[in-house]
Structures are given as structure tokens and as C-alpha cells.
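Q: data-v5.cif is reproduced below (mmCIF, C-alpha atoms).
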```cif
data_structure
#
loop_
_atom_site.label_atom_id
_atom_site.label_comp_id
_atom_site.auth_asym_id
_atom_site.auth_seq_id
_atom_site.Cartn_x
_atom_site.Cartn_y
_atom_site.Cartn_z
CA MET A 1 -18.11 -113.04 -102.87
CA ASN A 2 -18.86 -109.32 -102.47
CA LYS A 3 -15.70 -108.57 -104.44
CA LEU A 4 -16.88 -110.77 -107.31
CA LEU A 5 -20.30 -109.15 -107.35
CA LYS A 6 -18.61 -105.77 -107.82
CA ASN A 7 -16.48 -107.11 -110.69
CA ASN A 8 -18.22 -106.19 -113.95
CA THR A 9 -16.33 -108.85 -115.91
CA PHE A 10 -17.52 -111.56 -113.53
CA LEU A 11 -21.06 -110.20 -113.73
CA ILE A 12 -20.98 -110.30 -117.54
CA PHE A 13 -19.78 -113.90 -117.44
CA LEU A 14 -22.49 -114.75 -114.89
CA ALA A 15 -25.09 -112.98 -117.04
CA MET A 16 -23.99 -115.09 -120.00
CA ILE A 17 -24.62 -118.32 -118.05
CA LEU A 18 -27.92 -117.16 -116.57
CA GLY A 19 -29.09 -115.80 -119.92
CA MET A 20 -28.46 -119.14 -121.65
CA VAL A 21 -30.23 -121.03 -118.84
CA ALA A 22 -33.20 -118.65 -118.95
CA GLY A 23 -33.33 -118.90 -122.75
CA ALA A 24 -33.51 -122.69 -122.51
CA ILE A 25 -36.13 -122.74 -119.70
CA VAL A 26 -38.39 -119.81 -120.67
CA PRO A 27 -37.60 -119.09 -124.33
CA ASN A 28 -40.77 -117.07 -125.01
CA VAL A 29 -40.10 -114.75 -122.08
CA MET A 30 -36.48 -114.14 -123.12
CA VAL A 31 -37.51 -113.44 -126.72
CA SER A 32 -40.01 -110.86 -125.47
CA VAL A 33 -37.40 -108.96 -123.35
CA LYS A 34 -34.86 -108.65 -126.16
CA PHE A 35 -35.63 -104.91 -126.25
CA ILE A 36 -33.52 -104.49 -123.09
CA GLY A 37 -30.47 -105.80 -124.95
CA ASP A 38 -31.33 -103.61 -127.93
CA ILE A 39 -31.32 -100.54 -125.68
CA PHE A 40 -27.90 -101.55 -124.32
CA LEU A 41 -26.50 -101.88 -127.86
CA ARG A 42 -27.93 -98.50 -128.87
CA LEU A 43 -26.36 -96.84 -125.82
CA ILE A 44 -22.97 -98.23 -126.86
CA GLN A 45 -23.40 -97.08 -130.45
CA MET A 46 -24.75 -93.60 -129.79
CA CYS A 47 -21.41 -91.88 -129.24
CA VAL A 48 -18.87 -94.46 -130.38
CA VAL A 49 -18.20 -92.90 -133.82
CA ILE A 50 -17.34 -89.56 -132.20
CA LEU A 51 -15.16 -91.35 -129.65
CA VAL A 52 -13.29 -93.16 -132.43
CA MET A 53 -12.66 -89.85 -134.17
CA GLY A 54 -11.55 -88.14 -130.96
CA SER A 55 -9.26 -91.00 -129.94
CA VAL A 56 -7.42 -90.95 -133.27
CA ILE A 57 -7.13 -87.13 -133.28
CA GLU A 58 -5.73 -87.24 -129.73
CA ALA A 59 -3.23 -90.02 -130.46
CA VAL A 60 -1.84 -88.39 -133.62
CA GLY A 61 -2.16 -84.80 -132.35
CA SER A 62 -0.12 -85.62 -129.24
CA LEU A 63 2.97 -86.35 -131.36
CA LYS A 64 5.51 -83.76 -132.46
CA ARG A 65 6.22 -83.47 -136.17
CA LYS A 66 9.76 -84.80 -135.85
CA GLU A 67 8.45 -87.80 -133.93
CA ILE A 68 5.82 -88.44 -136.58
CA GLY A 69 8.41 -88.22 -139.36
CA ALA A 70 11.28 -90.26 -137.91
CA LEU A 71 10.68 -92.87 -135.24
CA GLY A 72 6.93 -92.47 -135.49
CA GLY A 73 6.98 -93.21 -139.22
CA LYS A 74 8.91 -96.45 -138.73
CA ALA A 75 6.64 -97.46 -135.86
CA PHE A 76 3.53 -96.76 -137.92
CA ILE A 77 4.80 -98.95 -140.74
CA GLY A 78 5.58 -101.76 -138.30
CA PHE A 79 2.20 -101.43 -136.62
CA ALA A 80 0.36 -101.37 -139.95
CA CYS A 81 2.17 -104.48 -141.25
CA THR A 82 1.61 -106.57 -138.11
CA THR A 83 -2.03 -105.48 -137.79
CA ILE A 84 -2.87 -106.29 -141.42
CA VAL A 85 -1.17 -109.68 -141.04
CA ALA A 86 -3.19 -110.37 -137.88
CA GLY A 87 -6.45 -109.45 -139.59
CA THR A 88 -5.57 -111.64 -142.58
CA VAL A 89 -4.75 -114.59 -140.31
CA GLY A 90 -8.16 -114.13 -138.68
CA ILE A 91 -9.86 -114.37 -142.09
CA ILE A 92 -7.85 -117.48 -142.99
CA GLY A 93 -8.57 -119.13 -139.64
CA ALA A 94 -12.30 -118.43 -139.98
CA ASN A 95 -12.38 -119.89 -143.50
CA ILE A 96 -10.53 -123.05 -142.42
CA VAL A 97 -12.28 -123.81 -139.11
CA LYS A 98 -15.65 -122.12 -139.85
CA PRO A 99 -16.53 -121.64 -136.16
CA GLY A 100 -19.96 -120.19 -136.99
CA SER A 101 -21.03 -122.91 -139.42
CA GLY A 102 -23.06 -126.04 -138.82
CA ILE A 103 -26.00 -124.21 -137.26
CA GLN A 104 -29.32 -123.88 -139.06
CA PHE A 105 -30.57 -120.29 -139.01
CA THR A 106 -34.06 -119.55 -140.30
CA GLY A 107 -34.65 -115.98 -139.10
CA ASP A 108 -35.32 -112.92 -141.22
CA LEU A 109 -31.87 -111.42 -140.71
CA ALA A 110 -30.23 -113.83 -143.16
CA THR A 111 -32.38 -112.57 -146.02
CA ASP A 112 -32.17 -108.92 -145.02
CA ILE A 113 -28.36 -108.70 -145.09
CA THR A 114 -26.90 -107.60 -148.40
CA GLY A 115 -23.27 -107.31 -149.38
CA SER A 116 -21.40 -104.84 -151.51
CA ASP A 117 -20.61 -105.40 -155.18
CA GLN A 118 -18.23 -102.44 -155.39
CA THR A 119 -15.02 -102.71 -157.38
CA LEU A 120 -11.65 -102.38 -155.65
CA THR A 121 -11.17 -98.80 -156.93
CA GLU A 122 -14.63 -97.82 -155.69
CA ILE A 123 -13.87 -99.35 -152.28
CA ILE A 124 -10.63 -97.34 -151.99
CA THR A 125 -12.29 -94.12 -153.24
CA ASN A 126 -15.05 -94.51 -150.65
CA PHE A 127 -12.47 -94.51 -147.86
CA PHE A 128 -12.32 -90.71 -148.31
CA PRO A 129 -15.24 -88.52 -147.16
CA ASN A 130 -16.72 -85.65 -149.13
CA ASN A 131 -18.79 -84.52 -146.14
CA ILE A 132 -17.52 -85.47 -142.69
CA VAL A 133 -20.83 -84.55 -141.02
CA ALA A 134 -22.63 -86.97 -143.34
CA SER A 135 -19.97 -89.63 -142.62
CA ILE A 136 -20.55 -89.25 -138.87
CA SER A 137 -24.33 -89.31 -139.34
CA ASP A 138 -24.12 -92.47 -141.48
CA GLY A 139 -21.68 -94.12 -139.07
CA ASN A 140 -19.08 -94.55 -141.84
CA THR A 141 -16.14 -95.38 -139.58
CA ILE A 142 -13.52 -95.64 -142.33
CA GLN A 143 -14.22 -92.11 -143.57
CA VAL A 144 -14.30 -90.80 -140.01
CA ILE A 145 -10.87 -92.33 -139.27
CA VAL A 146 -9.37 -90.85 -142.46
CA PHE A 147 -10.64 -87.42 -141.42
CA ALA A 148 -9.38 -87.96 -137.86
CA LEU A 149 -5.87 -88.81 -139.09
CA LEU A 150 -5.71 -85.57 -141.09
CA ALA A 151 -7.20 -83.59 -138.21
CA GLY A 152 -4.65 -85.12 -135.82
CA LEU A 153 -1.80 -84.04 -138.08
CA ALA A 154 -3.29 -80.52 -138.23
CA VAL A 155 -3.61 -80.38 -134.42
CA SER A 156 0.02 -81.49 -134.04
CA TYR A 157 1.16 -78.80 -136.48
CA LEU A 158 -0.85 -76.02 -134.84
CA SER A 159 0.28 -77.01 -131.35
CA GLU A 160 3.91 -76.82 -132.43
CA VAL A 161 3.60 -73.59 -134.43
CA ASN A 162 1.49 -71.70 -131.90
CA GLY A 163 3.22 -73.15 -128.87
CA SER A 164 -0.20 -73.97 -127.46
CA SER A 165 -2.15 -77.18 -127.13
CA LYS A 166 -5.58 -75.73 -126.33
CA ILE A 167 -7.20 -77.57 -129.23
CA LEU A 168 -5.62 -80.85 -128.17
CA GLU A 169 -6.71 -80.31 -124.57
CA GLY A 170 -10.24 -79.66 -125.82
CA VAL A 171 -10.21 -82.91 -127.79
CA LYS A 172 -8.92 -84.78 -124.73
CA ALA A 173 -11.69 -83.27 -122.59
CA ILE A 174 -14.39 -84.36 -125.06
CA ASN A 175 -12.85 -87.83 -125.19
CA GLN A 176 -12.98 -88.03 -121.40
CA VAL A 177 -16.69 -87.18 -121.42
CA LEU A 178 -17.42 -89.81 -124.08
CA LEU A 179 -15.22 -92.37 -122.32
CA THR A 180 -17.13 -91.77 -119.10
CA ILE A 181 -20.42 -92.33 -120.94
CA ILE A 182 -19.11 -95.64 -122.32
CA LYS A 183 -18.00 -96.69 -118.81
CA MET A 184 -21.44 -95.80 -117.45
CA VAL A 185 -23.14 -97.84 -120.18
CA MET A 186 -20.83 -100.81 -119.53
CA LYS A 187 -22.14 -100.89 -115.95
CA ILE A 188 -25.42 -102.24 -117.32
CA ALA A 189 -23.66 -104.64 -119.69
CA PRO A 190 -24.59 -107.72 -117.58
CA LEU A 191 -28.30 -106.89 -117.97
CA GLY A 192 -27.92 -106.29 -121.70
CA ILE A 193 -25.90 -109.48 -122.21
CA PHE A 194 -28.41 -111.49 -120.14
CA SER A 195 -31.22 -110.25 -122.35
CA LEU A 196 -29.42 -110.76 -125.67
CA LEU A 197 -28.04 -114.22 -124.93
CA GLY A 198 -31.37 -115.29 -123.45
CA TRP A 199 -32.99 -114.14 -126.69
CA ALA A 200 -30.35 -115.95 -128.77
CA ILE A 201 -30.89 -119.26 -126.95
CA GLY A 202 -34.65 -118.83 -126.84
CA ASN A 203 -34.83 -118.01 -130.55
CA TYR A 204 -32.16 -120.31 -132.01
CA GLY A 205 -31.69 -123.03 -129.39
CA LEU A 206 -28.66 -124.25 -127.43
CA ALA A 207 -26.79 -124.90 -130.69
CA VAL A 208 -25.50 -121.29 -130.57
CA ILE A 209 -23.11 -122.33 -127.76
CA LEU A 210 -20.99 -124.36 -130.19
CA PRO A 211 -19.44 -121.37 -132.00
CA LEU A 212 -18.16 -119.97 -128.67
CA ALA A 213 -15.81 -122.89 -127.98
CA LYS A 214 -14.80 -123.19 -131.63
CA PHE A 215 -14.22 -119.43 -131.88
CA LEU A 216 -12.07 -119.22 -128.74
CA GLY A 217 -10.00 -122.26 -129.76
CA THR A 218 -9.44 -120.86 -133.25
CA PHE A 219 -8.54 -117.46 -131.80
CA ALA A 220 -5.99 -118.98 -129.38
CA VAL A 221 -4.30 -121.04 -132.12
CA CYS A 222 -4.15 -118.05 -134.52
CA ALA A 223 -2.67 -115.80 -131.81
CA PHE A 224 -0.04 -118.41 -130.95
CA LEU A 225 0.95 -118.84 -134.61
CA ILE A 226 1.23 -115.07 -135.14
CA LEU A 227 3.45 -114.70 -132.07
CA ALA A 228 5.65 -117.63 -133.10
CA VAL A 229 6.16 -116.22 -136.61
CA PHE A 230 6.69 -112.60 -135.49
CA ILE A 231 9.17 -113.59 -132.74
CA THR A 232 11.11 -115.81 -135.16
CA LEU A 233 11.28 -113.13 -137.88
CA THR A 234 12.26 -110.40 -135.41
CA ALA A 235 14.96 -112.59 -133.84
CA ALA A 236 16.36 -113.35 -137.32
CA TYR A 237 16.42 -109.64 -138.24
CA VAL A 238 18.07 -108.56 -134.96
CA LYS A 239 20.31 -111.67 -135.02
CA VAL A 240 19.44 -113.03 -131.59
CA SER A 241 18.14 -116.39 -130.35
CA PRO A 242 14.33 -116.66 -130.74
CA ILE A 243 14.22 -118.86 -127.63
CA ARG A 244 16.10 -116.28 -125.58
CA LEU A 245 13.90 -113.50 -126.96
CA THR A 246 10.79 -115.49 -126.01
CA LYS A 247 12.09 -115.82 -122.44
CA LYS A 248 12.69 -112.06 -122.29
CA LEU A 249 9.08 -111.48 -123.38
CA THR A 250 7.52 -113.98 -120.98
CA HIS A 251 7.13 -111.71 -117.95
CA MET A 252 5.25 -108.95 -119.75
CA GLY A 253 3.24 -111.61 -121.57
CA VAL A 254 2.04 -113.10 -118.29
CA VAL A 255 1.12 -109.65 -116.93
CA ALA A 256 -0.81 -108.89 -120.13
CA PHE A 257 -2.56 -112.27 -120.12
CA THR A 258 -3.70 -112.05 -116.51
CA THR A 259 -4.70 -108.36 -116.43
CA THR A 260 -6.12 -108.17 -120.00
CA SER A 261 -5.02 -104.53 -119.98
CA SER A 262 -2.40 -102.95 -122.22
CA ALA A 263 -2.45 -99.84 -120.04
CA VAL A 264 -1.72 -101.79 -116.85
CA THR A 265 1.03 -103.74 -118.63
CA LEU A 266 2.72 -100.62 -120.08
CA PRO A 267 5.14 -99.94 -117.17
CA THR A 268 6.27 -103.59 -117.15
CA LYS A 269 6.55 -103.58 -120.93
CA MET A 270 8.76 -100.48 -120.97
CA ASP A 271 10.94 -101.68 -118.09
CA ASP A 272 11.54 -105.09 -119.68
CA SER A 273 12.14 -103.49 -123.09
CA GLU A 274 14.88 -101.28 -121.69
CA ASN A 275 16.44 -103.45 -118.97
CA LYS A 276 15.97 -107.00 -120.29
CA ILE A 277 15.85 -106.69 -124.07
CA GLY A 278 18.18 -103.71 -124.58
CA ILE A 279 15.93 -101.26 -126.42
CA SER A 280 17.03 -97.67 -125.83
CA LYS A 281 14.89 -95.41 -123.67
CA ARG A 282 14.36 -93.00 -126.58
CA VAL A 283 12.84 -95.73 -128.74
CA SER A 284 11.04 -97.57 -125.94
CA ARG A 285 9.40 -94.47 -124.49
CA LEU A 286 7.98 -93.42 -127.85
CA VAL A 287 7.11 -96.68 -129.58
CA ASN A 288 5.66 -98.57 -126.59
CA PRO A 289 3.12 -95.91 -125.51
CA LEU A 290 2.35 -95.22 -129.17
CA GLY A 291 1.74 -98.92 -129.69
CA MET A 292 -0.66 -99.01 -126.75
CA SER A 293 -2.76 -96.32 -128.45
CA LEU A 294 -2.43 -97.19 -132.12
CA ASN A 295 -1.40 -100.84 -132.40
CA SER A 296 -3.79 -103.65 -131.62
CA ASP A 297 -2.94 -106.80 -133.54
CA GLY A 298 -4.95 -108.89 -131.10
CA LEU A 299 -8.05 -106.78 -131.71
CA ALA A 300 -7.57 -106.93 -135.50
CA LEU A 301 -7.34 -110.73 -135.30
CA TYR A 302 -10.40 -110.83 -133.04
CA LEU A 303 -12.52 -108.55 -135.23
CA ALA A 304 -11.70 -110.36 -138.48
CA LEU A 305 -12.35 -113.77 -136.95
CA ALA A 306 -15.48 -112.54 -135.16
CA CYS A 307 -17.00 -110.93 -138.26
CA LEU A 308 -16.68 -114.10 -140.33
CA THR A 309 -17.89 -116.26 -137.44
CA ILE A 310 -21.01 -114.10 -137.12
CA ALA A 311 -21.52 -114.10 -140.91
CA GLN A 312 -21.29 -117.91 -140.92
CA PHE A 313 -23.77 -118.16 -138.06
CA PHE A 314 -26.33 -116.01 -139.86
CA GLY A 315 -25.73 -117.83 -143.14
CA VAL A 316 -24.19 -114.86 -144.94
CA GLU A 317 -21.82 -115.67 -147.79
CA MET A 318 -18.97 -113.13 -147.95
CA SER A 319 -17.07 -112.60 -151.19
CA ILE A 320 -13.32 -112.07 -151.40
CA GLN A 321 -13.94 -108.33 -151.78
CA GLN A 322 -16.12 -108.28 -148.68
CA GLN A 323 -13.51 -110.21 -146.71
CA PHE A 324 -10.93 -107.68 -147.89
CA ILE A 325 -13.15 -104.94 -146.44
CA VAL A 326 -13.29 -106.89 -143.16
CA VAL A 327 -9.45 -106.92 -142.98
CA ILE A 328 -9.29 -103.17 -143.70
CA MET A 329 -12.05 -102.37 -141.20
CA SER A 330 -10.44 -104.60 -138.56
CA THR A 331 -7.16 -102.74 -139.10
CA LEU A 332 -8.67 -99.24 -139.05
CA ALA A 333 -10.95 -99.96 -136.08
CA THR A 334 -7.89 -100.61 -133.91
CA LEU A 335 -6.90 -96.95 -134.33
CA GLY A 336 -9.91 -95.95 -132.28
CA THR A 337 -9.71 -98.66 -129.66
CA VAL A 338 -11.08 -97.48 -126.34
CA VAL A 339 -9.30 -98.70 -123.21
CA VAL A 340 -12.38 -99.68 -121.22
CA PRO A 341 -13.73 -103.02 -120.00
CA GLY A 342 -15.55 -104.56 -122.94
CA GLY A 343 -13.50 -102.56 -125.45
CA GLY A 344 -13.48 -105.55 -127.80
CA LEU A 345 -17.27 -105.60 -127.79
CA VAL A 346 -17.39 -101.85 -128.45
CA ALA A 347 -15.03 -102.25 -131.42
CA LEU A 348 -17.09 -105.17 -132.74
CA ALA A 349 -20.21 -103.00 -132.46
CA ILE A 350 -18.43 -100.45 -134.65
CA VAL A 351 -17.38 -102.89 -137.37
CA LEU A 352 -20.47 -105.11 -137.75
CA PRO A 353 -22.88 -102.45 -139.05
CA THR A 354 -20.18 -101.07 -141.36
CA ILE A 355 -19.91 -104.38 -143.22
CA GLY A 356 -23.65 -105.07 -143.16
CA LEU A 357 -23.81 -107.68 -140.39
CA PRO A 358 -26.39 -107.63 -137.56
CA ILE A 359 -25.16 -106.02 -134.35
CA GLU A 360 -26.91 -108.81 -132.42
CA GLY A 361 -23.78 -110.82 -133.27
CA VAL A 362 -22.07 -108.96 -130.41
CA ALA A 363 -24.17 -111.00 -127.97
CA LEU A 364 -22.92 -114.28 -129.40
CA LEU A 365 -19.31 -113.57 -128.41
CA SER A 366 -19.91 -111.37 -125.35
CA GLY A 367 -19.74 -114.20 -122.84
CA ILE A 368 -16.18 -115.12 -123.78
CA ASP A 369 -14.94 -111.56 -124.22
CA TRP A 370 -12.81 -111.79 -121.06
CA PHE A 371 -11.08 -114.93 -122.35
CA SER A 372 -10.67 -113.40 -125.80
CA GLY A 373 -9.19 -110.34 -124.08
CA MET A 374 -6.41 -112.46 -122.57
CA PHE A 375 -5.14 -113.45 -126.01
CA ARG A 376 -5.83 -110.01 -127.53
CA THR A 377 -3.82 -108.16 -124.89
CA THR A 378 -0.90 -110.60 -124.93
CA LEU A 379 -0.61 -110.32 -128.72
CA ASN A 380 -0.89 -106.52 -128.56
CA VAL A 381 1.79 -106.08 -125.90
CA ILE A 382 4.38 -108.46 -127.33
CA ASP A 383 3.98 -107.20 -130.89
CA ASP A 384 4.48 -103.62 -129.66
CA VAL A 385 7.84 -104.63 -128.18
CA LEU A 386 8.85 -106.56 -131.31
CA VAL A 387 8.20 -103.47 -133.43
CA ALA A 388 10.17 -101.36 -130.93
CA LEU A 389 13.06 -103.84 -131.12
CA ILE A 390 13.15 -103.66 -134.93
CA VAL A 391 13.09 -99.83 -134.82
CA ALA A 392 15.88 -99.83 -132.20
CA LYS A 393 17.98 -102.12 -134.42
CA GLN A 394 17.44 -99.81 -137.42
CA GLU A 395 18.36 -96.75 -135.35
CA GLY A 396 21.46 -98.41 -133.89
CA GLU A 397 19.93 -98.22 -130.42
CA PHE A 398 19.77 -101.92 -129.53
CA ASP A 399 22.12 -102.80 -126.64
CA ARG A 400 23.14 -106.41 -127.24
CA ALA A 401 25.03 -106.53 -123.93
CA ILE A 402 21.82 -105.98 -121.99
CA PHE A 403 20.04 -108.62 -124.08
CA ASP A 404 22.77 -111.18 -123.41
CA LYS A 405 22.48 -110.79 -119.64
CA ASP A 406 20.57 -113.49 -117.78
#
```
With the file now loaded, output its structure as C-alpha cells.
A:
Amino acid sequence: MNKLLKNNTFLIFLAMILGMVAGAIVPNVMVSVKFIGDIFLRLIQMCVVILVMGSVIEAVGSLKRKEIGALGGKAFIGFACTTIVAGTVGIIGANIVKPGSGIQFTGDLATDITGSDQTLTEIITNFFPNNIVASISDGNTIQVIVFALLAGLAVSYLSEVNGSSKILEGVKAINQVLLTIIKMVMKIAPLGIFSLLGWAIGNYGLAVILPLAKFLGTFAVCAFLILAVFITLTAAYVKVSPIRLTKKLTHMGVVAFTTTSSAVTLPTKMDDSENKIGISKRVSRLVNPLGMSLNSDGLALYLALACLTIAQFFGVEMSIQQQFIVVIMSTLATLGTVVVPGGGLVALAIVLPTIGLPIEGVALLSGIDWFSGMFRTTLNVIDDVLVALIVAKQEGEFDRAIFDKD
């Protein structure tokens, strides 16, 4: 029992249950203590934009120019394609199932939220900042990521030309400080979640529980469909049996599902890629770690599905253009994914304000974040390997003899 009480994930889940019970029993009290949850959300948000920028600069700046241009370029294309597909599937799934619908919401938030009527060209133009300080101040994550990509390329170039990585080491040091702050804040996540979910139940009633089950079921089905399609297409391209490929991926999939950590799964993923699937070490040892940092199909699926679920709950109608922005934001937000417990909630806290949705929506999905993380991590890990396998095939570095071994 002592072990469980020290497990932050268990405490968050427990806080979810207790918060809902408290919201049902003493709704007025839980509504009045919502400020505790608001403080928790502010603490998450206060440095997250800088952390996103630093994470992207570090990931891109750590690569050498030849890696960026050759294998890295192919990996980036593969990551971008799979992530955009995952985000799009999330939008489609949300529109079909509508996990956030069927609940009457009468609060002020529904009337306060306004969408964007920008044209497609204006949307694309606004991806690029004209003042990065203003972009950081406004919390414009898209513009910050565009700047970070360029800064990462510059850091990579300077490190190679000068033979020194002092700038990169400085960025890594800042990221460590910010990451530590996030970890410290996540220690009080159970209290924040208790307050926010208690407020949600006290304010809206027990009907808010319904979207949780519908959301998780929709998420699981979408993740399964994406994996089935990606495995089938990859097997067809590499000319191997999809059933055999699935078996080769099973071990790392189980590790990912049970640990919910791409970092913990990385050694298993690389070993299986090289010794079970037949991907060369050169490709595996670049693409797999790169995928852990820059590829997160599971998170893109989660964010897209979560954003529309929250919009449906609050009664916000999102146009096709706004849903397009959700896909783009879900894709770009994965570039700054932080590998900490509750990383999905942190990413959701980044995206919601950007598209004009209330950050209180984080509380609605917080209680099932662990279960969502199982599917997110599994999709992330397996798709990384599938991209690595395609790159290995293109580079002539796929060992079919290893793949054919039992």
C-alpha cells in the first residue's frame, strides 16, 4: 500500500475518484475550491512554452548536418506523414462518435469561446513569427516551434563548424531546469485534479463521466485501426508478411503498453529492431532515438480527439478550418513533447488555449490519462519502428535473413 501511495499515477487516479465523489456529495464546497486546480494549471503553463522551444532546439541541434540531410530527412518525412494521419484519424473519430456530445452545458464558457475566421493563406502566414518575444509572451506555440526548428538548425551548424557544443549544452541545461520544475508541479497534480474534477461534477453533474468512457473507447479503436493500416502498408512496401511483422512487434508493444514510457521502451525497441526485424544498426540507432524525441503519433491522435471532445462538451461548434488547425497543432505539439508523467496533460494544456478552448478541459480527461498513455505509447513506439523499417528498406539496410528467423 505504501508503494501505491508513493505512485503519482495511482494518486492522480485516486484523486479523480475522490474528486467526483466529493463533487456529487458537497458540490458547493468543490465549486468554491476550484482556485486550487486553477493554480495547478497555471503552474503547468508558466514555463511550458519555453520548454517546448528548448526541447525542439535540443532535438534538432543534437543532429549533425549529414544526419539531418540524409537519414534524418527520410525519417522526418515518415514521422510527419504518420503524425498527420494520426491527428486526422482523431478528428474523424471525434466527428463520428462525438464522445463529448449529449451533455447539456449552460455555463458562461460556451458563449465566451470564439473561433477563427481566418482564410487558409492567413493561417499558414501566421505560422511564422515576426517577433519571437511577442510569440512567447502570447503563448503562440506554432510560431515558437517554427523559430525553434530554425534555431535548432543554427545550433547544429555552429556546433559542427566551431567544433564546440557549448550553446547546445546551455540549451540542455535550461531544459533540465524547466523539466525539473514540471516534475515538481506534477507532484501536486493529485490535489489539482481532485479540485478540478470535484468542481466539474459539482458544477455540471455526474453526466460529465460519460465522455471519459466514450473517449477512451474511441481512442483505443482509432489507435488499433492506425496500427493495422500502418503495419499492413509497411509490410506490403518491404514485401514481408504483415502477420509475421506484427509478431515481431509484439514484445516491444507489450513493454510500451505496460510502462507507458517511450524512454523505458527504447532499449527493447532498438534491440528488437536490429535482432528480430533486421533493421541495420546505423538506421536503428538514428531513427529510433530520433522518433522518441520527435515522433508521437499517439499524442497527435490523443490531442486531436481530446480537443474535439472538449469542444463538444462545452458546446463549441468547430468549422473545417478550425479542425484543420487542430490537426496542425496536434502535429506540431508532438515536437515539444516532454517525457514526464502527465506529459499528455501538459501537451493538452499547450494546445487548448491556442485553439480557443478552455484549459479546464484538461480536468475532464485527466483521470484516464494513464489509460490513454498506454495506447499513446504503444502507437508511438511501433510507428517509430515502422518508419525505421521503411528507411532501412530504402537504404538497402534491411536484413531479410534476420527477419525470417523465428
Q: Fewer than 2 positions away in the same chain doesn't count, so skip those; otherwise give me all residues within 8 Å of A:Ser366, counting all atoms listed in the file, as a list in words.
A: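 Residues near the query, excluding close chain neighbours: Ile12, Met16, Ile193, Leu345, Val362, Ala363, Leu364, Ile368 and Asp369 of chain A.
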Q: On this file, the PyMOL selection byres ((chain A and resi 194) around 7) gives some set of residues; write that set as a list in words.
A: Ala15, Met16, Leu18, Gly19, Pro190, Leu191, Gly192, Ile193, Ser195, Leu196, Leu197 and Gly198 of chain A
Q: Could you save those same residues with C-alpha atoms as a tab-separated table (two decimals), in the frame of the given file?
A:
```
chain	number	residue	atom	x	y	z
A	15	ALA	CA	-25.09	-112.98	-117.04
A	16	MET	CA	-23.99	-115.09	-120.00
A	18	LEU	CA	-27.92	-117.16	-116.57
A	19	GLY	CA	-29.09	-115.80	-119.92
A	190	PRO	CA	-24.59	-107.72	-117.58
A	191	LEU	CA	-28.30	-106.89	-117.97
A	192	GLY	CA	-27.92	-106.29	-121.70
A	193	ILE	CA	-25.90	-109.48	-122.21
A	195	SER	CA	-31.22	-110.25	-122.35
A	196	LEU	CA	-29.42	-110.76	-125.67
A	197	LEU	CA	-28.04	-114.22	-124.93
A	198	GLY	CA	-31.37	-115.29	-123.45
```
Q: Any idea what's packed within 10 Å of stretch 215-230 of chain A, counting only C-alpha atoms, ignoring anything in its chain fewer than 2 positions away? Could you give it as a VMD selection string?
A: chain A and resid 82 85 to 86 89 to 90 92 to 94 96 to 100 210 to 213 232 to 236 242 246 297 to 298 301 to 302 305 to 306 309 365 368 to 369 371 to 372 374 to 376 378 to 380 382 to 383 386 to 387
Q: Would you mind telling me which residue in A:Gly278, A:Pro353, A:Gly253, A:Gly361 lies nearest to A:Asn140 when using all atoms listed in the file?
A: A:Pro353
Q: Choose the residue, out of A:Ala59, A:Val381, A:Val391, A:Ile142, that has the smallest atom-to-atom separation from A:Thr260; count all atoms listed in the file.
A: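 Among the listed residues, A:Val381 lies closest to A:Thr260.
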Q: Could you pull the residues within 9 Å of A:Gly54, counting all atoms listed in the file, minus those fewer than 5 positions along the same chain, as a VMD selection string?
A: chain A and resid 49 59 148 152 171 to 172 174 to 175 336
Q: Pull C-alpha atoms from the residues just selected and write them as a short mmCIF file (atom, residue, chain, number, x, y, z; two decimals), in the frame of the given file.
A:
```
data_model
loop_
_atom_site.label_atom_id
_atom_site.label_comp_id
_atom_site.auth_asym_id
_atom_site.auth_seq_id
_atom_site.Cartn_x
_atom_site.Cartn_y
_atom_site.Cartn_z
CA VAL A 49 -18.20 -92.90 -133.82
CA ALA A 59 -3.23 -90.02 -130.46
CA ALA A 148 -9.38 -87.96 -137.86
CA GLY A 152 -4.65 -85.12 -135.82
CA VAL A 171 -10.21 -82.91 -127.79
CA LYS A 172 -8.92 -84.78 -124.73
CA ILE A 174 -14.39 -84.36 -125.06
CA ASN A 175 -12.85 -87.83 -125.19
CA GLY A 336 -9.91 -95.95 -132.28
#
```
Q: Which residues are close to A:Val255, i.e. within 9 Å by all atoms listed in the file, leaving aside same-chain residues fewer than 5 positions away? Reply as an MDAnalysis selection string.
A: chainID A and resid 250 260:261 264:265 268 378
